[in-house]
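> Take this structure, written in structure tokens, and hold onto it; I'll ask about it next.
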Amino acid sequence: MNEFRGQTLSWQVVNGAIELALHRDPCNEIGSLTLDELEQFAAALPGLAKEAHALIIHSTLKAGFSAGADLRELFQRGQEMERAAALRGVREFLERIHAVMNALDATPLTTIAAVHGVTFGGGFELALVCDIIVADRMARFCFPELRLGLIPGFGGIPRLKRDLGNAVVRDLLLTGRSFNVMKAQQIGLVSQIAAEREALRVARATASQVGKFDRRTAAAAKDFVKPIPYEELKREIDIFCDLYSRPAVEEGLRKFAKNEGVQPYLP
Amino acid sequence: MSAPTIDHTLDEILNLAAAHFKVPREKLTPDDDFFKTLGIDSLQALDLLTRLEHHFRIELPDYELQGVSDFRTLANRIQARL
């Protein structure tokens with residue numbers, strides 16, 4: 001399937017680069033529908049890779065790349081079923097999204113996240129699977145999960161540890177603060193900064209450049225420098241599920257879902 | 001080079017906010033609630049924070065703005081980082 005137009009995302013191959021566009025209002029919250037379509041993309045990826053050298057992931061929405069997991073759906077699902085069933089559902093969701101993230105991480109294509117605006121939580125984790133992050137000047141990154149009594153659950157901590165120094169990881173994780181693109185570049189997370197609304201153009205230019213090289217060589221280089229921390233990723237799921245089962249998390253999710261004194265993008 | 005005065009910092013914040021959110025500068029005063037005066041939500045407040053960080057070349061963690069809604073206190077927080 002060389003082209004796909006879904007409810008939450010679409011893809012097409014343009015000049016040898018697969019462009020995966022996220023477009024679920026209001027800010028690409030990742031819930032069950034997005035997961036279904038991401039799984040379709042992951043299944044199509046080996047076929048698409050035969051006619052492409054790069055993958056670009058971007059958002060068509062003004063608010064940003066992605067605000068992360070769909071917390072309202074997470075809360076609602078938790079209300080609709082018994083606690084044990086809800087926990088099983090969360091684990092299943094995490095295992096499925098990890099499978100998608102791992103497939104994106106491991107693809108021999110050179111992968112580029114073109115991010116702007118809100119790049120939070122699961123959205124940040126999606127960017128972290130990519131080989132290169134190109135960020136709009138107004139992009140902002142955050143792991144806010146501790147505010148809800150959780151840790152990032154889509155593979156964020158192991159991949160952040162892979163790419164950054166542990167002291168920086170601790171600051172970002174334990175304060176739950178958001179940070180701008182200058183900080184992101186300073187700590188080594190973002191490699192290229194684009195002007196406002198230019199991240200996709202810069203990502204396309206980068207994709208064009210990487211397309212000049214022999215694919216097998218590029219894939220070997222990627223495999224050499226980008227190990228996938230499978231054991232830590234599995235452990236992250238266990239820790240997340242352990243934390244999710246506590247009542248404090250349900251209360252945090254309830255406040256968020258009901259908009260009780262919560263400003264979604266601020267602490 | 002000495003840090004700018006708090007009045008200067010406050011003035012720059014008001015100028016930037018007025019220009020970006022297209023509000024007449026003369027309508028903004030230091031003690032205004034910027035959420036109300038600018039008519040912005042948390043997403044736009046985050047956008048304002050990013051613009052201010054770029055403008056002043058500082059890093060201002062968002063938790064320092066928790067409970068802050070007026071320009072004067074915002075200017076004090078920024079001043080402490082200059």
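FYI, nothing fancy with the structure tokens labels: chains A, B, ... in order, residues from 1 per chain, ligands from 1 as they appear.
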Counting only C-alpha atoms, which residues in chain B sit no more than 9 Å from chain A? For each one, give the nearest pair of atoms and the distance in Å, sorted by chain then residue number, as a Markdown table.

| residue | atom | partner | partner_atom | distance |
| --- | --- | --- | --- | --- |
| B:Asp41 | CA | A:Gln263 | CA | 8.0 |
| B:Ser42 | CA | A:Tyr265 | CA | 5.6 |
| B:Leu43 | CA | A:Tyr265 | CA | 5.7 |
| B:Ala45 | CA | A:Leu266 | CA | 8.3 |
| B:Leu46 | CA | A:Tyr265 | CA | 7.0 |
| B:Asp47 | CA | A:Met138 | CA | 7.2 |
| B:Thr50 | CA | A:Asn180 | CA | 6.4 |
| B:Arg51 | CA | A:Met138 | CA | 7.6 |
| B:Glu53 | CA | A:Asn180 | CA | 8.1 |
| B:His54 | CA | A:Met182 | CA | 8.2 |
| B:Glu59 | CA | A:Lys183 | CA | 7.7 |
| B:Leu60 | CA | A:Phe179 | CA | 8.3 |
| B:Pro61 | CA | A:Arg177 | CA | 6.1 |
| B:Asp62 | CA | A:Arg177 | CA | 6.0 |
| B:Tyr63 | CA | A:Pro267 | CA | 5.9 |
| B:Leu65 | CA | A:Pro267 | CA | 8.5 |
| B:Gln66 | CA | A:Pro267 | CA | 6.5 |
> Restrict the selected residues to C-alpha atoms and save them as a tab-separated table (two decimals), in the first residue's frame.

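Heads up, here's the output in again06.tsv:
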chain	number	residue	atom	x	y	z
B	41	ASP	CA	-5.06	29.15	26.68
B	42	SER	CA	-2.30	26.96	28.10
B	43	LEU	CA	-1.03	26.02	24.64
B	45	ALA	CA	0.94	30.41	27.10
B	46	LEU	CA	3.52	27.75	26.28
B	47	ASP	CA	4.09	29.45	22.94
B	50	THR	CA	9.09	29.76	24.24
B	51	ARG	CA	9.15	33.15	22.51
B	53	GLU	CA	13.03	32.27	26.23
B	54	HIS	CA	14.28	32.89	22.69
B	59	GLU	CA	15.88	28.90	29.95
B	60	LEU	CA	12.84	29.37	32.17
B	61	PRO	CA	11.43	26.06	33.43
B	62	ASP	CA	7.65	26.02	33.15
B	63	TYR	CA	7.27	25.01	36.80
B	65	LEU	CA	5.47	29.87	36.09
B	66	GLN	CA	3.06	27.71	38.05
> Name the residues in contact with range 256-258 of chain A at a cut-off of 10 Å, using only C-alpha atoms, excluding same-chain residues fewer than 2 positions from it; report them as a short mmCIF file (atom, residue, chain, number, x, y, z; two decimals) with N, CA and C atoms, in the first residue's frame.

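Saved to result_38.cif:
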data_model
loop_
_atom_site.label_atom_id
_atom_site.label_comp_id
_atom_site.auth_asym_id
_atom_site.auth_seq_id
_atom_site.Cartn_x
_atom_site.Cartn_y
_atom_site.Cartn_z
N ASP A 70 -3.44 9.41 24.57
CA ASP A 70 -4.80 9.94 24.73
C ASP A 70 -5.26 9.62 26.15
N LEU A 71 -5.04 10.57 27.06
CA LEU A 71 -5.32 10.33 28.48
C LEU A 71 -6.81 10.25 28.76
N ARG A 72 -7.60 10.96 27.97
CA ARG A 72 -9.06 10.88 28.18
C ARG A 72 -9.57 9.48 27.84
N GLU A 73 -9.05 8.91 26.77
CA GLU A 73 -9.44 7.53 26.44
C GLU A 73 -8.94 6.56 27.51
N LEU A 74 -7.73 6.79 27.98
CA LEU A 74 -7.17 5.92 29.02
C LEU A 74 -8.05 5.95 30.26
N PHE A 75 -8.49 7.16 30.63
CA PHE A 75 -9.36 7.29 31.80
C PHE A 75 -10.71 6.62 31.55
N GLN A 76 -11.29 6.90 30.39
CA GLN A 76 -12.62 6.37 30.06
C GLN A 76 -12.63 4.84 30.03
N LEU A 148 1.19 12.78 36.62
CA LEU A 148 0.03 11.88 36.79
C LEU A 148 0.36 10.67 37.65
N GLU A 250 -5.47 7.04 38.94
CA GLU A 250 -6.87 7.20 38.48
C GLU A 250 -7.37 8.61 38.81
N GLU A 251 -7.02 9.11 39.98
CA GLU A 251 -7.46 10.45 40.38
C GLU A 251 -6.82 11.52 39.47
N GLY A 252 -5.54 11.34 39.17
CA GLY A 252 -4.85 12.27 38.28
C GLY A 252 -5.47 12.27 36.89
N LEU A 253 -5.78 11.08 36.39
CA LEU A 253 -6.40 10.96 35.06
C LEU A 253 -7.81 11.56 35.07
N ARG A 254 -8.51 11.36 36.18
CA ARG A 254 -9.88 11.90 36.27
C ARG A 254 -9.85 13.43 36.18
N GLU A 260 -10.46 19.45 35.52
CA GLU A 260 -10.59 20.06 36.84
C GLU A 260 -9.27 20.72 37.25
N GLY A 261 -9.19 22.02 37.03
CA GLY A 261 -8.00 22.77 37.41
C GLY A 261 -6.74 22.34 36.69
N VAL A 262 -6.92 21.74 35.53
CA VAL A 262 -5.76 21.27 34.77
C VAL A 262 -5.58 22.12 33.54
N GLN A 263 -4.36 22.60 33.34
CA GLN A 263 -4.03 23.28 32.09
C GLN A 263 -3.15 22.31 31.33
N PRO A 264 -3.68 21.72 30.26
CA PRO A 264 -3.05 20.54 29.68
C PRO A 264 -1.58 20.69 29.32
#
> DSSP on the backbone: which residues in range 32-194 of chain A end up as strand (DSSP E)? Give the answer as number ranges by chain.
A: 54-59, 64-66, 110-115, 118-120, 132-136, 140-142, 178-180, 192-194
> Grab the residues selected above and save them as a compact mmCIF listing (two decimals), in the first residue's frame with N, CA and C atoms.

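So the final result, stored in result_4.txt, reads:
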# COMPACT_ATOMS: atom_id res chain seq x y z
N ALA A 54 14.21 6.73 2.96
CA ALA A 54 14.04 7.48 4.21
C ALA A 54 12.57 7.48 4.61
N LEU A 55 12.36 7.73 5.89
CA LEU A 55 11.01 7.90 6.43
C LEU A 55 10.99 9.22 7.19
N ILE A 56 10.01 10.04 6.87
CA ILE A 56 9.82 11.31 7.60
C ILE A 56 8.49 11.21 8.35
N ILE A 57 8.51 11.49 9.64
CA ILE A 57 7.28 11.54 10.42
C ILE A 57 7.04 13.00 10.80
N HIS A 58 5.83 13.49 10.51
CA HIS A 58 5.53 14.89 10.82
C HIS A 58 4.05 15.03 11.13
N SER A 59 3.67 16.21 11.56
CA SER A 59 2.28 16.49 11.89
C SER A 59 1.77 17.61 10.99
N GLY A 64 0.98 21.13 17.11
CA GLY A 64 2.28 20.52 17.31
C GLY A 64 2.39 19.13 16.72
N PHE A 65 3.47 18.47 17.08
CA PHE A 65 3.76 17.13 16.58
C PHE A 65 2.82 16.11 17.22
N SER A 66 2.80 16.10 18.54
CA SER A 66 1.85 15.23 19.26
C SER A 66 1.91 15.54 20.75
N THR A 110 16.59 5.40 6.83
CA THR A 110 16.99 6.51 7.70
C THR A 110 15.70 7.26 8.07
N THR A 111 15.47 7.40 9.36
CA THR A 111 14.19 7.97 9.82
C THR A 111 14.40 9.36 10.39
N ILE A 112 13.49 10.24 10.06
CA ILE A 112 13.61 11.65 10.46
C ILE A 112 12.28 12.10 11.07
N ALA A 113 12.32 12.62 12.28
CA ALA A 113 11.13 13.24 12.87
C ALA A 113 11.23 14.73 12.60
N ALA A 114 10.19 15.28 11.96
CA ALA A 114 10.13 16.74 11.72
C ALA A 114 9.10 17.27 12.71
N VAL A 115 9.55 17.87 13.79
CA VAL A 115 8.63 18.23 14.87
C VAL A 115 8.46 19.74 14.98
N VAL A 118 3.97 21.40 20.25
CA VAL A 118 3.93 20.46 21.36
C VAL A 118 4.46 19.08 20.93
N THR A 119 5.52 18.65 21.59
CA THR A 119 6.11 17.32 21.35
C THR A 119 6.27 16.70 22.74
N PHE A 120 5.16 16.22 23.25
CA PHE A 120 5.08 15.82 24.65
C PHE A 120 4.85 14.32 24.78
N ILE A 132 17.05 10.88 13.31
CA ILE A 132 17.37 12.31 13.29
C ILE A 132 16.11 13.08 13.68
N ILE A 133 16.27 14.06 14.58
CA ILE A 133 15.14 14.94 14.90
C ILE A 133 15.44 16.33 14.35
N VAL A 134 14.59 16.77 13.45
CA VAL A 134 14.63 18.14 12.93
C VAL A 134 13.51 18.89 13.63
N ALA A 135 13.83 20.00 14.27
CA ALA A 135 12.80 20.69 15.07
C ALA A 135 12.60 22.13 14.63
N ASP A 136 11.36 22.49 14.50
CA ASP A 136 10.94 23.88 14.29
C ASP A 136 11.40 24.70 15.51
N ARG A 140 8.53 22.33 21.41
CA ARG A 140 8.73 22.22 22.86
C ARG A 140 8.55 20.76 23.27
N PHE A 141 9.46 20.29 24.08
CA PHE A 141 9.51 18.88 24.46
C PHE A 141 9.21 18.71 25.94
N CYS A 142 8.61 17.58 26.29
CA CYS A 142 8.31 17.36 27.70
C CYS A 142 7.94 15.90 27.96
N SER A 178 8.94 21.21 30.67
CA SER A 178 9.08 21.27 29.21
C SER A 178 10.32 22.11 28.89
N PHE A 179 10.88 21.88 27.73
CA PHE A 179 12.07 22.65 27.34
C PHE A 179 12.04 22.93 25.84
N ASN A 180 12.72 24.01 25.50
CA ASN A 180 12.64 24.49 24.12
C ASN A 180 13.71 23.85 23.22
N GLN A 192 19.04 19.32 14.10
CA GLN A 192 18.87 20.46 13.19
C GLN A 192 17.67 21.30 13.63
N ILE A 193 17.85 22.61 13.62
CA ILE A 193 16.75 23.52 13.97
C ILE A 193 16.29 24.23 12.69
N ALA A 194 14.98 24.25 12.50
CA ALA A 194 14.41 24.92 11.33
C ALA A 194 13.65 26.17 11.79
> Residues at most 12 Å from Phe93 in chain A, counting only C-alpha atoms, excluding those fewer than 2 positions away in the same chain, as a PyMOL selection string?
chain A and resi 30-36+39+69-70+73-74+77+86-91+95-100+153-154+237+240-241
> Export, as an mmCIF file, in the first residue's frame, the selected residues with N, CA and C atoms.

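Printed below is again-v9.cif as written:
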data_model
loop_
_atom_site.group_PDB
_atom_site.id
_atom_site.type_symbol
_atom_site.label_atom_id
_atom_site.label_comp_id
_atom_site.auth_asym_id
_atom_site.auth_seq_id
_atom_site.Cartn_x
_atom_site.Cartn_y
_atom_site.Cartn_z
ATOM 1 N N ILE A 30 -2.417 9.975 21.071
ATOM 2 C CA ILE A 30 -2.267 8.592 20.608
ATOM 3 C C ILE A 30 -3.160 7.676 21.440
ATOM 4 N N GLY A 31 -4.275 7.287 20.847
ATOM 5 C CA GLY A 31 -5.208 6.357 21.473
ATOM 6 C C GLY A 31 -5.327 5.107 20.631
ATOM 7 N N SER A 32 -6.417 4.358 20.827
ATOM 8 C CA SER A 32 -6.539 3.058 20.162
ATOM 9 C C SER A 32 -6.645 3.183 18.649
ATOM 10 N N LEU A 33 -7.320 4.232 18.156
ATOM 11 C CA LEU A 33 -7.454 4.381 16.708
ATOM 12 C C LEU A 33 -6.098 4.704 16.063
ATOM 13 N N THR A 34 -5.361 5.613 16.701
ATOM 14 C CA THR A 34 -4.014 5.926 16.179
ATOM 15 C C THR A 34 -3.136 4.676 16.218
ATOM 16 N N LEU A 35 -3.253 3.926 17.304
ATOM 17 C CA LEU A 35 -2.450 2.697 17.409
ATOM 18 C C LEU A 35 -2.800 1.723 16.282
ATOM 19 N N ASP A 36 -4.105 1.550 16.013
ATOM 20 C CA ASP A 36 -4.511 0.665 14.908
ATOM 21 C C ASP A 36 -3.834 1.096 13.604
ATOM 22 N N GLU A 39 -0.125 0.525 13.528
ATOM 23 C CA GLU A 39 0.159 -0.896 13.267
ATOM 24 C C GLU A 39 0.031 -1.201 11.785
ATOM 25 N N ALA A 69 0.026 10.380 24.695
ATOM 26 C CA ALA A 69 -1.048 9.390 24.848
ATOM 27 C C ALA A 69 -2.398 10.084 25.034
ATOM 28 N N ASP A 70 -3.437 9.409 24.568
ATOM 29 C CA ASP A 70 -4.799 9.935 24.731
ATOM 30 C C ASP A 70 -5.256 9.618 26.154
ATOM 31 N N GLU A 73 -9.052 8.912 26.774
ATOM 32 C CA GLU A 73 -9.439 7.531 26.435
ATOM 33 C C GLU A 73 -8.937 6.558 27.508
ATOM 34 N N LEU A 74 -7.728 6.786 27.976
ATOM 35 C CA LEU A 74 -7.173 5.920 29.016
ATOM 36 C C LEU A 74 -8.055 5.953 30.262
ATOM 37 N N ARG A 77 -11.626 4.268 29.404
ATOM 38 C CA ARG A 77 -11.536 2.794 29.350
ATOM 39 C C ARG A 77 -11.429 2.208 30.751
ATOM 40 N N ALA A 86 -8.879 -3.571 33.242
ATOM 41 C CA ALA A 86 -8.303 -2.298 32.773
ATOM 42 C C ALA A 86 -6.786 -2.402 32.714
ATOM 43 N N LEU A 87 -6.217 -3.023 33.730
ATOM 44 C CA LEU A 87 -4.759 -3.172 33.767
ATOM 45 C C LEU A 87 -4.272 -4.070 32.627
ATOM 46 N N ARG A 88 -5.030 -5.134 32.361
ATOM 47 C CA ARG A 88 -4.664 -6.009 31.233
ATOM 48 C C ARG A 88 -4.733 -5.229 29.917
ATOM 49 N N GLY A 89 -5.759 -4.376 29.818
ATOM 50 C CA GLY A 89 -5.920 -3.560 28.615
ATOM 51 C C GLY A 89 -4.763 -2.592 28.423
ATOM 52 N N VAL A 90 -4.316 -1.991 29.515
ATOM 53 C CA VAL A 90 -3.180 -1.063 29.444
ATOM 54 C C VAL A 90 -1.917 -1.805 29.011
ATOM 55 N N ARG A 91 -1.695 -2.970 29.609
ATOM 56 C CA ARG A 91 -0.502 -3.737 29.244
ATOM 57 C C ARG A 91 -0.541 -4.125 27.762
ATOM 58 N N GLU A 95 2.173 -3.058 24.978
ATOM 59 C CA GLU A 95 2.936 -4.050 24.208
ATOM 60 C C GLU A 95 2.764 -3.832 22.712
ATOM 61 N N ARG A 96 1.547 -3.436 22.327
ATOM 62 C CA ARG A 96 1.312 -3.179 20.898
ATOM 63 C C ARG A 96 2.067 -1.928 20.437
ATOM 64 N N ILE A 97 2.008 -0.852 21.235
ATOM 65 C CA ILE A 97 2.690 0.378 20.786
ATOM 66 C C ILE A 97 4.205 0.186 20.823
ATOM 67 N N HIS A 98 4.696 -0.608 21.774
ATOM 68 C CA HIS A 98 6.140 -0.904 21.796
ATOM 69 C C HIS A 98 6.551 -1.665 20.538
ATOM 70 N N ALA A 99 5.694 -2.579 20.092
ATOM 71 C CA ALA A 99 6.022 -3.343 18.876
ATOM 72 C C ALA A 99 6.134 -2.395 17.676
ATOM 73 N N VAL A 100 5.230 -1.421 17.610
ATOM 74 C CA VAL A 100 5.282 -0.439 16.519
ATOM 75 C C VAL A 100 6.552 0.406 16.634
ATOM 76 N N GLY A 153 5.545 5.639 28.936
ATOM 77 C CA GLY A 153 5.247 4.225 28.720
ATOM 78 C C GLY A 153 5.462 3.723 27.307
ATOM 79 N N PHE A 154 5.821 4.633 26.383
ATOM 80 C CA PHE A 154 5.983 4.201 24.991
ATOM 81 C C PHE A 154 7.464 4.040 24.620
ATOM 82 N N ILE A 237 7.558 -1.314 30.592
ATOM 83 C CA ILE A 237 6.145 -1.722 30.589
ATOM 84 C C ILE A 237 5.747 -2.239 31.972
ATOM 85 N N PHE A 240 5.515 0.711 34.419
ATOM 86 C CA PHE A 240 4.328 1.520 34.109
ATOM 87 C C PHE A 240 3.069 0.832 34.656
ATOM 88 N N CYS A 241 2.931 -0.449 34.392
ATOM 89 C CA CYS A 241 1.718 -1.175 34.819
ATOM 90 C C CYS A 241 1.624 -1.234 36.339
#
> Which polymer residues have any atom within 10 Å of an atom of Asp32 in chain B, counting only C-alpha atoms, with same-chain residues fewer than 3 positions away left out, as a PyMOL selection string?
chain B and resi 27-29+35-38+69-72
> List every residue of chain B that DSSP, applied to the backbone, labels as helix (DSSP H, G or I), and write the result as a PyMOL selection string.
chain B and resi 6-21+25-27+34-38+42-56+62-65+71-79
> Can you pull out every residue within 8 Å of range 157-173 of chain A, counting only C-alpha atoms, but drop anything in the same chain fewer than 2 positions away, and send it as a PyMOL selection string?
chain A and resi 125+128-129+142-144+146+152+155+175-178+187-189+228-229+232-233+236
> For the selection just defined, write its residues with C-alpha atoms to a file, as an mmCIF file, in the first residue's frame.

data_model
loop_
_atom_site.group_PDB
_atom_site.id
_atom_site.type_symbol
_atom_site.label_atom_id
_atom_site.label_comp_id
_atom_site.auth_asym_id
_atom_site.auth_seq_id
_atom_site.Cartn_x
_atom_site.Cartn_y
_atom_site.Cartn_z
ATOM 1 C CA GLU A 125 8.670 9.080 22.418
ATOM 2 C CA LEU A 128 12.850 9.470 19.830
ATOM 3 C CA VAL A 129 12.567 6.318 17.708
ATOM 4 C CA CYS A 142 8.308 17.360 27.702
ATOM 5 C CA PHE A 143 7.852 14.149 29.632
ATOM 6 C CA PRO A 144 4.936 15.201 31.895
ATOM 7 C CA LEU A 146 5.215 12.040 36.595
ATOM 8 C CA PRO A 152 6.635 7.473 30.118
ATOM 9 C CA GLY A 155 9.709 3.525 25.338
ATOM 10 C CA THR A 175 11.014 17.636 37.053
ATOM 11 C CA GLY A 176 8.542 16.895 34.241
ATOM 12 C CA ARG A 177 9.432 20.296 32.823
ATOM 13 C CA SER A 178 9.083 21.274 29.212
ATOM 14 C CA ILE A 187 21.788 18.409 25.150
ATOM 15 C CA GLY A 188 22.146 16.542 21.865
ATOM 16 C CA LEU A 189 18.569 15.563 21.214
ATOM 17 C CA ILE A 228 17.722 -0.939 20.612
ATOM 18 C CA PRO A 229 17.473 -1.409 24.397
ATOM 19 C CA GLU A 232 14.905 -1.950 29.361
ATOM 20 C CA LEU A 233 11.897 -1.408 27.104
ATOM 21 C CA GLU A 236 9.472 0.000 31.353
#
> Which polymer residues have any atom within 8 Å of an atom of range 2-17 of chain A, counting only C-alpha atoms, with same-chain residues fewer than 6 positions away left out, as a PyMOL selection string?
chain A and resi 23-24+28+33-34+37-38+48+51-56+204+207-208+211
> Would you mind telling me which residue in B:Arg57, B:Pro30, B:Leu52, B:Val68 lies nearest to Asp7 in chain B when using only C-alpha atoms?
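Smallest separation from Asp7 in chain B among the options: B:Pro30.
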> Nearest to Asp11 in chain B among B:Leu74, B:Ile40, B:Ile58, B:Leu49, with distances taken over only C-alpha atoms: which residue is it?
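So, comparing all the options, the nearest one is B:Leu74.
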> What is the CA of Gly123 in chain A-CA of Ala248 in chain A distance in Å, reported with one decimal?
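Answer for the CA of Gly123 in chain A to CA of Ala248 in chain A separation: 23.7 Å.
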> Within 10 Å of Gln79 in chain B, counting only C-alpha atoms, which residues qualify if same-chain residues fewer than 3 places away don't, as a list in words?
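Result of the neighbour search: Ala3, Pro4, Thr5, Ile6, Asp7, His8, Thr9, Leu10, Phe56, Ile58, Thr73, Leu74, Ala75, Asn76 and Leu82 of chain B.
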> Could you check how far CA of Leu243 in chain A sits from CA of Arg83 in chain A, in Å to one decimal?
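For CA of Leu243 in chain A relative to CA of Arg83 in chain A, the distance reads 13.1 Å.
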